[in-house]
Each structure stands twice: as structure tokens, then as C-alpha cells.
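These notes are about the structure you will find just below.
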Amino acid sequence: MVKRISAVLAVIFIIIILCSLPVGAKSYQTYTYALKGYPLNSPDAYVPEIEITSDYIGLTGGSDILKALKEPSDIEVDENGWVYIADSAADTKDAKYSRIVVLDNNFKLKHIIKDFDNDQGNPDTLCGPKGVFITDDTIYVCDTDKNRIVTFDRQFNFIDIIKAPEDELFENDSVYKPVAIAVDQYDRLYVVSSTTNQGVIMMTRDGDFTGFIGAQKSSLSTWDIIWRRFQTDEQRAQSAKVVPTEFNNIAINSDGFVYVTTNKINEKTQQNAIKKKSKSGDYAPVKLLNPAGEEIMRRNGFWPPSGDVQVGAANEENGGASSIIDAAVGPEKTWSIADSKRSRIFTYDFDGNLLFAFGQKNGGQLGNIDLLAGIVYQRNYDADGNQNYKMLLLDKNNKSFTVFRQTEYGKTLIQALAHQNARQYDTAVDDWFEILKRNSNYDAAYIGIGQSMYRNGQYEESIEYFKAAYDTSNYSSSYEEIRKAWITKWLLLIPIGAVAIIVGCVFFMRYATKVNSRAAVAGGKRNFKEELLYGFHVIFHPFDGFWDLKHEKRGSLRAAIVFILLTIVAYFYKAVGSGYSVNQQTVYTTIVEQAVQVVLPLMLWAIANWCLTTLFDGEGSFKDIVIAVGYSLLPVILTLIPTTFASNFMVSSEIDVLNFITNVGLIWAGLLIFTGMMVTHDYSIGKNLVTTIGTLIGIIFIMFISVLFVTLLGKVVSFVTNIITEIRYNA
């Protein structure tokens with residue numbers, strides 16, 4: 001009896017828990033990406049509210065015109081919140097499905113655009129429309145299968161047919177298949193044709209062709225492009241996988257700039273661009289173009305706006321780079337892209353910072369999208385007249401769209417951007433702090449606070465927030481202002497200090513030259529100071545310097561070891577003493593790690609070179625090689641320490657200068673090692689070049705043997721350990 005009562009109570013408890021769960025339980029995790037590429041969980045900016053099906057719309061009335069959605073391919077919203085769905089038939093002969101379904105702002109059927117009398121007065125109908133766009137007075141329909149654009153007024157009356165553009169710039173075998181269209185405030189038409197790989201087609205309201213803009217950069221060579229002309233259709237279709245030229249969708253913002261998307265980019269090319277954090281739009285799946293066709297997208301975030309960062313292998317399920325199929329312009333210059341591969345939405349600000357990402361493919365819960373085909377924002381007003389936004393996601397497979405409502409977190413985020421865009425920086429700071437209370441890992445909030453403080457002249461305070469978000473660009477802007485103030489304060493002392501450093505270097509070099517000149521004729525054993533200062537003669541006069549280093553004993557092994565130790569110290573100082581613009585993540589190291597990184601390659605070089613030159617009549621001993629290599633490292637020390645110190649006073653745009661100086665030091669040292677080996681072994685340039693290549697091969701061979709030996713030793717130790725363990729166990 002007790003067991004039965006316990007079982008009943010358990011069932012009741014489970015039912016209570018299940019009933020207490022929200023109806024729209026979250027079917028995905030909202031996130032952003034950290035600097036290193038791992039996802040950071042974030043509060044939801046949008047949550048699913050309702051799925052709008054054909055039944056909800058009122059498209060199941062039984063008559064031909066009220067048939068359920070067949071193949072929805074595009075979704076748009078006008079300024080009144082009315083929704084327009086381009087519904088194409090899977091079979092174009094089934095014309096009753098080729099239509100534009102118009103819904104009111106409550107998602108109920110308002111009108112169906114299908115049949116009309118054309119400009120010749122003859123009955124006409126849409127056939128396979130794939131795209132729709134609405135302006136203040138016109139509805140533009142991409143009548144794809146009839147290769148034209150049909151326009152209607154806002155009362156759904158036919159206006160005109162814009163036929164396929166004709167121009168010599170079009171390829172002779174090109175087919176015009178309009179699938180998406182956008183129109184700016186000057187009635188310029190931007191048309192995406194699914195079979196046109198020359199860019200977005202730009203033409204006038206009357207259909208006059210004005211040019212192509214934004215053509216994707218091809219990853220094929222010139223020869224491959226020519227060869228495609230002679231390929232069969234199957235061969236061309238196969239090679240088209242590496243020609244990222246066709247766009248698939250378009251959106252336009254209030255400034256007349258257009259976002260264009262493509263999912264035809266070569267998988268490897270797109271993954272490499274993400275891995276390298278490319279700021280270029282050459283192989284980007286989404287671009288922002290001005291009317292002149294120039295790519296103007298800002299990509300200032302940690303990662304390029306390309307969708308998912310952790311993409312995995314292309315052969316994995318849902319693996320590979322995101323497949324971007326649509327873009328939508330949101331409030332306050334935000335914009336979103338839709339990934340059909342994983343049914344996810346990625347939303348960015350105008351600077352390209354990822355604000356949030358969400359979405360999940362399948363799952364059976366509200367908010368899961370089976371095949372994402374389109375995205376659009378719908379502006380709404382609550383009872384108090386406050387503006388808010390909903391996001392509509394079109395599901396092609398389920399023949400429906402899901403309405404996502406904006407959360408309080410999402411509203412606060414847009415409110416912060418609005419105050420920032422309106423230059424109400426103090427208010428924006430309060431909004432960003434409110435966001436940080438809910439999401440302490442939100443880098444965009446740190447950046448927003450920093451930008452607001454920067455614009456208020458609080459440069460030192462703003463730096464700390466930019467550091468928290470690893471934002472080197474904005475950090476540099478604030479630091480430049482601080483540096484200007486510092487330079488103004490110490491204006492007279494700066495040139496005096498610079499002159500003092502230059503004079504000090506000149507006097508030191510004169511002193512070193514004097515000591516070296518005196519030691520050259522003095523004869524006898526050199527002291528340690530003379531051996532060290534001789535390094536400055538070697539780096540500027542390498543041929544006679546290395547000759548005297550070996551034959552006149554002007555240097556020593558102990559001095560060479562000092563130079564090697566100083567090189568270790570220089571690299572350790574670079575690791576722990578570099579400025580923020582170089583070491584944003586404040587990654588430190590140990591002196592032991594730097595010693596291994598410096599000494600190991602030098603010893604491998606010395607051993608491999610000595611082994612090889614012994615077989616090829618080299619005159620240098622192992623000691624001579626180590627001494628020559630040690631003295632060759634002086635340029636690394638002389639460039640690395642000053643540039644590391646200077647990096648603490650440099651901004652990100654100036655770091656390239658420091659890198660150039662450091663690289664000069666490395667190249668200088670490399671040339672000195674090459675020259676030192678040639679003089680030490682008394683080789684010609686050609687023979688020294690051959691032995692240098694042989695030395696590099698020898699290093700690889702030594703490393704291979706070492707790894708093999710360590711692996712075998714590990715197996716032997718493991719074998720012996722297992723035997724001892726077995727003996728003890730059996731004993």
C-alpha cells in the first residue's frame with residue numbers, strides 16, 4: 001500500500017513539474033563568440049512566440065485559391081507590418097501555387113496576388129515567384145520562371161512588367177532568373193539572378209540596365225576560367241563549386257546600402273577566411289555594397305561576419321562553414337544573416353560585432369526550423385506606443401514561419417544602440433551596465449561603455465573597458481588621446497630625451513670601435529669586455545669579423561653563451577613586457593620555456609651543421625660553429641628589446657613598424673649565420689648554400705629520430721612496468 005501511494009505521489013509530482021514548464025520552452029541556446037573562438041552563453045534576445053501555418057493564415061478553405069502554402073521561398077514585411085510570402089510551386093505547371101500571399105499584421109490572409117491583366121490587356125499569371133520587395137507605393141515580384149519582374153501598386157493592381165535587361169555585358173549564354181530584388185529611395189533596382197555570376201544587376205525603374213556591382217572574386221585561375229568555356233554542362237557544374245560568384249539574396253537599409261549573400265563560396269576558402277579572421281570581403285558570404293558597388297562592410301569584431309566560427313569538418317553532419325541564404329536589416333543599424341545549414345540566425349551591429357546568435361535545426365519544439373529559407377523583421381507597437389521588433393523566420397520544409405518576439409534583454413540591447421547612435425552617451429552607459437548585470441561576458445557591452453566614455457572624453461576610464469573586450473582598435477583611439485596629452489605636457493623633454501639616446505648610441509659605438517681597434521693590434525689574450533664588444537664589429541663587418549673570430553681568437557665561447565642568454569632574456573621580455581596592442585590577452589610565459597625555444601633550435605643547427613660539414617671538408621669545429629651562431633644573434637637582441645619597450649607606447653596601427661624592425665633583426669641574424677658558416681668552414685657561396693639546405697634537412701632527420709627514440713623508450717618502460725606489475729600481482 002505504501003509503495004502504491006509513493007508511486008502515485010511521484011507521478012503527480014512529475015505531472016506538476018511538466019505542467020509548470022513554459023509552453024514555449026527554449027529550444028536553443030543563445031550565444032556569442034569569444035576571442036579564442038569558443039561560444040559564450042548569452043541571455044535570449046528573441047524567443048519563439050508562435051508558428052504561423054496555413055491553417056492559422058486561413059489558406060485551407062478548400063478552394064483552389066486557398067490552397068495551403070506549397071513552396072514558400074521568400075518573406076517580406078512592409079511599414080504597416082503586413083507580411084508578403086512568395087509561394088512557388090514545386091511543379092511550375094501547377095500555377096495555382098505561384099502567388100504572393102499577403103497577410104495583415106496579425107498574420108491573417110489579406111490578399112493573394114496571382115492573376116492579372118498584363119500591359120497588353122491579356123490575362124496573365126505569376127509563375128514560380130522566388131522574391132518580393134515592397135516600397136511605399138509599389139510591390140515588386142521576381143517572377144522567376146518567366147524571367148521578369150512584375151510590379152503592382154499597394155492596392156494589388158497591376159502596374160507594369162520589367163523584362164529581362166539586355167546589354168553586351170551579359171554573357172551570350174546567360175539566362176536571366178531573378179530571385180531577389182531591392183529598391184532604393186531613388187528607384188534604382190538591385191536584382192539578384194540565380195544564374196548570373198557577374199554580380200548584382202543594377203537597373204532603372206524602366207528596366208534600363210546600368211551595370212553590375214559587387215561581383216564576387218573568383219578563386220579560379222585565368223586559365224581555369226577560359227577552360228570553363230569549353231567544358232560540358234556537367235563539368236561546368238562540378239567546377240562551379242570553386243567559383244563563388246552567384247548571389248542568392250539581397251536586403252537594403254535606410255541609407256541605400258545593400259547586403260548581398262551567397263552560399264556558393266568554396267568550403268575550404270571560407271573556412272580559411274574565418275580561421276585567419278579575414279577583414280576582406282573577397283570571399284565573404286555576406287557583403288555590404290554602396291550604390292557604386294564598393295564593399296564597405298565593417299568587420300571590427302573578433303571574427304568575420306560569416307556565421308558560425310566553430311565549423312568543424314565539411315563531411316560531418318551539419319559540419320563545414322555556414323550556408324548563408326538571406327540577410328535582414330534590423331533596428332539601429334543592426335543586421336542579421338540566416339544559416340540554412342544549421343537553421344541559425346546571427347545578428348551584428350554596424351561595426352560587425354556579433355550581438356547574438358541562436359537557432360536549432362529540427363528538434364520538434366517551437367522555434368526549431370527544419371529548413372530556414374528567409375528572415376525579416378516586423379516592427380510593432382505595444383499598448384503604450386513603445387516600439388518593439390519581432391523576427392519572422394520562414395521554414396520551407398514545414399511550409400510555415402515562426403514569429404520570435406523580442407525579450408527585455410533584446411530591447412535593452414537595441415535601446416543601448418539607439419542611445420549611442422543618438423549620441424546620448426551617458427544614457428547609453430546605463431543601458432550597457434544593465435546588460436552586463438545579465439551577461440557579464442558580453443563584449444559588445446564593454447565596447448559600448450568604452451565608446452560612450454571615449455566620446456565623453458573619459459579616455460583613461462574607457463581603456464579599461466576596451467581591454468576587457470580585447471578591442472585593440474578602440475583602445476588605440478583612446479590611447480592616442482592620452483598620448484597626445486602626455487606629449488603636450490612633456491613637449492620639451494621628448495626631443496631632449498631622443499637626442500640623448502642618439503648621442504649615447506653614437507658614443508657607445510665609437511667606444512666599441514676604439515676598443516676593437518686597440519684589441520686588433522694588441523695581440524695576446526683578450527679580456528671578457530673585448531670579447532663582448534667584438535660582437536659589434538662582427539655584425540657590421542661579417543666577413544673579416546668571422547675570420548678573426550676563428551683564426552685570431554677575437555671572441556670566445558663564454559661571450560657567445562652570453563649572447564645566447566641575452567637572446568633568451570630578450571624573448572622572455574617580449575613575452576611579459578609587450579604593450580597591450582601586441583599582447584591583448586596578457587599571455588605570459590616562463591624563462592625556461594623561452595630558453596628551450598631559443599637553445600633547442602640553435603643546438604639542432606649546430607649539431608646538424610657539424611655532422612654534415614665534417615663529411616664535406618668543413619674546417620670549423622663544433623665549438624667554432626656555436627661561437628659563430630652566438631655572435632650572430634646580436635642583431636636580434638638589439639632590435640627585440642627596444643621594440644618590446646616601444647610597444648608599450650604604440651597603438652595597433654603602429655605595431656607593423658615594430659614588427660618590421662624585429663623582422664629586420666631576424667633576417668640580419670640569419671644572414672650573419674649564413675656568412676659565419678661560410679667563413680668558418682671556408683666554403684664558397686654555392687657550397688655553403690647546399691650545406692645550409694642539408695643542415696635544415698638534417699635538423700628534420702634528428703627531430704624524427706629523437707621522437708622515434710622517445711616513443712620506443714616509452715614503450716619499453718611501459719613494457720617493463722607491466723611485467724613488474726604482473727610479477728607483483730601473481731606473487
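Residue numbers start at 1 in each chain; chains themselves are named A, B, ... in the order of the C-alpha cells; ligands are numbered from 1 in the order shown.
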
So which residues touch Ser98 of chain A within 9 Å, counting only C-alpha atoms, skipping near sequence neighbours fewer than 3 positions away, as a list in words? Lys70, Glu71, Ala86, Asp87, Ser88, Ala89, Thr92, Asp94, Ala95, Ile113, Lys114, Thr125, Leu126, Cys127, Gly128, Pro129 and Asp143 of chain A

Selection export as a compact mmCIF listing (two decimals), in the first residue's frame, atoms kept: C-alpha atoms:
# COMPACT_ATOMS: atom_id res chain seq x y z
CA LYS A 70 3.30 24.85 -51.28
CA GLU A 71 6.88 26.09 -51.56
CA ALA A 86 6.44 34.35 -52.26
CA ASP A 87 4.93 30.90 -52.75
CA SER A 88 6.34 28.91 -55.67
CA ALA A 89 5.05 25.58 -56.93
CA THR A 92 5.58 25.13 -62.32
CA ASP A 94 0.64 23.81 -61.04
CA ALA A 95 0.13 27.57 -61.43
CA ILE A 113 -1.57 38.20 -55.89
CA LYS A 114 -1.74 35.65 -58.68
CA THR A 125 -0.31 34.88 -64.11
CA LEU A 126 2.77 34.56 -61.97
CA CYS A 127 4.97 31.51 -62.45
CA GLY A 128 7.37 30.37 -59.75
CA PRO A 129 7.97 33.71 -57.99
CA ASP A 143 8.51 36.24 -61.45

So that I can check the surroundings of segment 281-289 of chain A, please list as number ranges by chain every protein, DNA and RNA residue that reaches within 6 Å of it, counting only C-alpha atoms and ignoring chain neighbours fewer than 4 positions away. A: 217, 257-262, 293-297

Go ahead and write the residues just picked, C-alpha atoms, as a short mmCIF file (atom, residue, chain, number, x, y, z; two decimals), in the first residue's frame.
data_model
loop_
_atom_site.label_atom_id
_atom_site.label_comp_id
_atom_site.auth_asym_id
_atom_site.auth_seq_id
_atom_site.Cartn_x
_atom_site.Cartn_y
_atom_site.Cartn_z
CA LYS A 217 36.15 37.35 -56.53
CA PHE A 257 23.33 50.29 -48.96
CA VAL A 258 22.60 46.68 -49.90
CA TYR A 259 23.51 43.46 -48.13
CA VAL A 260 24.05 40.60 -50.57
CA THR A 261 24.51 36.97 -49.59
CA THR A 262 25.86 33.83 -51.22
CA GLY A 293 29.36 48.71 -55.94
CA GLU A 294 32.14 49.26 -53.40
CA GLU A 295 32.35 46.82 -50.48
CA ILE A 296 32.05 48.94 -47.33
CA MET A 297 31.21 46.44 -44.61
#

Run DSSP on the backbone and give me the residues of segment 468-705 of chain A it puts in alpha helix (DSSP H), as a PyMOL selection string. chain A and resi 468+472-489+493-522+528-540+542-551+557-577+591-615+622-632+634-646+655-681+685-705

Would you list the contacts of Gly301 of chain A as a ChimeraX atom specification, taking every protein, DNA or RNA residue within 8 Å and counting only C-alpha atoms, but skipping same-chain residues closer than 2 positions in sequence? /A:299,303-305,351-354

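Straight-line separation from atom CA of Gly320 of chain A to atom CA of Ala373 of chain A: 18.6 Å.
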
At what distance in Å, to one decimal, does atom CA of Leu371 of chain A lie from atom CA of Tyr38 of chain A? 25.5 Å

If we count only C-alpha atoms and set the cut-off at 9 Å, which residues sit around segment 160-162 of chain A, ignoring sequence neighbours fewer than 6 positions away in its own chain? Please answer as a ChimeraX atom specification. /A:118-119,148-152,205-207

Would you kindly return, as a ChimeraX atom specification, each protein, DNA or RNA residue with an atom no farther than 10 Å from any atom of Leu666 of chain A, considering only C-alpha atoms and excluding same-chain residues fewer than 5 positions away? /A:632-637,639-640,660-661,671-672

How would the residues just picked look written out with N, CA and C atoms as an mmCIF file, in the first residue's frame?
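In the end it all went to again_18.cif:
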data_model
loop_
_atom_site.group_PDB
_atom_site.id
_atom_site.type_symbol
_atom_site.label_atom_id
_atom_site.label_comp_id
_atom_site.auth_asym_id
_atom_site.auth_seq_id
_atom_site.Cartn_x
_atom_site.Cartn_y
_atom_site.Cartn_z
ATOM 1 N N SER A 632 76.171 35.809 -33.955
ATOM 2 C CA SER A 632 75.207 36.217 -34.988
ATOM 3 C C SER A 632 73.876 36.667 -34.402
ATOM 4 N N LEU A 633 73.639 36.342 -33.124
ATOM 5 C CA LEU A 633 72.352 36.669 -32.504
ATOM 6 C C LEU A 633 72.270 38.105 -31.999
ATOM 7 N N LEU A 634 73.367 38.837 -32.041
ATOM 8 C CA LEU A 634 73.366 40.196 -31.502
ATOM 9 C C LEU A 634 72.307 41.106 -32.137
ATOM 10 N N PRO A 635 72.073 41.064 -33.476
ATOM 11 C CA PRO A 635 71.016 41.917 -34.049
ATOM 12 C C PRO A 635 69.629 41.630 -33.473
ATOM 13 N N VAL A 636 69.366 40.368 -33.110
ATOM 14 C CA VAL A 636 68.068 40.033 -32.506
ATOM 15 C C VAL A 636 67.910 40.750 -31.174
ATOM 16 N N ILE A 637 68.985 40.758 -30.395
ATOM 17 C CA ILE A 637 68.948 41.427 -29.089
ATOM 18 C C ILE A 637 68.770 42.926 -29.266
ATOM 19 N N THR A 639 67.391 44.633 -31.612
ATOM 20 C CA THR A 639 66.095 45.074 -32.165
ATOM 21 C C THR A 639 64.925 44.652 -31.279
ATOM 22 N N LEU A 640 65.027 43.475 -30.652
ATOM 23 C CA LEU A 640 63.886 42.941 -29.905
ATOM 24 C C LEU A 640 63.625 43.715 -28.615
ATOM 25 N N PHE A 660 58.273 45.202 -38.353
ATOM 26 C CA PHE A 660 59.247 45.325 -39.444
ATOM 27 C C PHE A 660 60.669 45.387 -38.886
ATOM 28 N N ILE A 661 60.861 46.187 -37.840
ATOM 29 C CA ILE A 661 62.196 46.301 -37.230
ATOM 30 C C ILE A 661 62.635 44.963 -36.654
ATOM 31 N N LEU A 671 71.309 36.112 -42.009
ATOM 32 C CA LEU A 671 72.397 36.345 -42.968
ATOM 33 C C LEU A 671 73.760 36.213 -42.300
ATOM 34 N N LEU A 672 73.856 36.643 -41.038
ATOM 35 C CA LEU A 672 75.116 36.507 -40.310
ATOM 36 C C LEU A 672 75.451 35.033 -40.070
#

Using only C-alpha atoms, which protein or nucleic acid residues come within 7 Å of Thr402 of chain A? Drop anything in the same chain fewer than 2 positions from it, and give the result as an MDAnalysis selection string. chainID A and resid 48 50:52 367 392:394 400 404

Create the file for the chosen residues now, containing N, CA and C atoms and written as a compact mmCIF listing (two decimals), in the first residue's frame.
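In the end it all went to part.txt:
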# COMPACT_ATOMS: atom_id res chain seq x y z
N PRO A 48 10.80 32.20 -29.32
CA PRO A 48 9.68 31.85 -30.21
C PRO A 48 8.34 32.14 -29.54
N ILE A 50 5.06 31.98 -31.72
CA ILE A 50 4.02 31.19 -32.36
C ILE A 50 4.50 30.77 -33.75
N GLU A 51 4.06 29.60 -34.18
CA GLU A 51 4.32 29.15 -35.54
C GLU A 51 3.08 29.43 -36.38
N ILE A 52 3.27 30.15 -37.48
CA ILE A 52 2.15 30.52 -38.35
C ILE A 52 2.07 29.52 -39.49
N GLY A 367 10.17 26.91 -32.28
CA GLY A 367 11.41 27.64 -32.50
C GLY A 367 12.43 26.87 -33.31
N LEU A 392 10.69 37.20 -38.03
CA LEU A 392 9.93 36.14 -38.71
C LEU A 392 10.91 35.26 -39.48
N LEU A 393 10.89 33.95 -39.18
CA LEU A 393 11.78 33.00 -39.83
C LEU A 393 10.95 32.04 -40.66
N LEU A 394 11.25 31.99 -41.95
CA LEU A 394 10.49 31.17 -42.89
C LEU A 394 11.06 29.75 -42.94
N SER A 400 5.77 27.04 -43.29
CA SER A 400 5.25 27.93 -42.25
C SER A 400 6.33 28.95 -41.91
N PHE A 404 9.25 35.25 -33.68
CA PHE A 404 10.07 35.38 -32.48
C PHE A 404 9.88 36.78 -31.91

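Using only C-alpha atoms, the nearest neighbour of Asp624 of chain A within the list A:Leu549, A:Val429, A:Ile673, A:Ile685 is A:Leu549.
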
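Restricting the calculation to only C-alpha atoms, the smallest distance between Phe401 of chain A and any of A:Thr692, A:Asn248, A:Ser621, A:Asn368 is found for A:Asn368.
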
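Across the model, the gap from atom CA of Ile449 of chain A to atom CA of Ala428 of chain A is 7.4 Å.
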
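Using only C-alpha atoms, the shortest contact distance between Phe622 of chain A and any of A:Gln120, A:Thr680, A:Thr32, A:Gln420 is found at A:Thr680.
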
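Residue nearest Lys390 of chain A, chosen from A:Gly199, A:Gly330, A:Gly211, A:Pro601 and counting only C-alpha atoms: A:Gly330.
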
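If you count only C-alpha atoms and ignore residues fewer than 2 places along the chain from segment 338-347 of chain A, what sits within 7 Å of it is Gly307, Asn318, Ser322, Ser323, Ile324, Ile325, Asp326, Ala327, Thr334, Trp335, Ser336, Leu354, Leu355, Phe356, Ala357, Phe358, Gly359, Gln360, Lys361, Ile369, Leu371, Leu372, Ala373, Gly374 and Ile375 of chain A.
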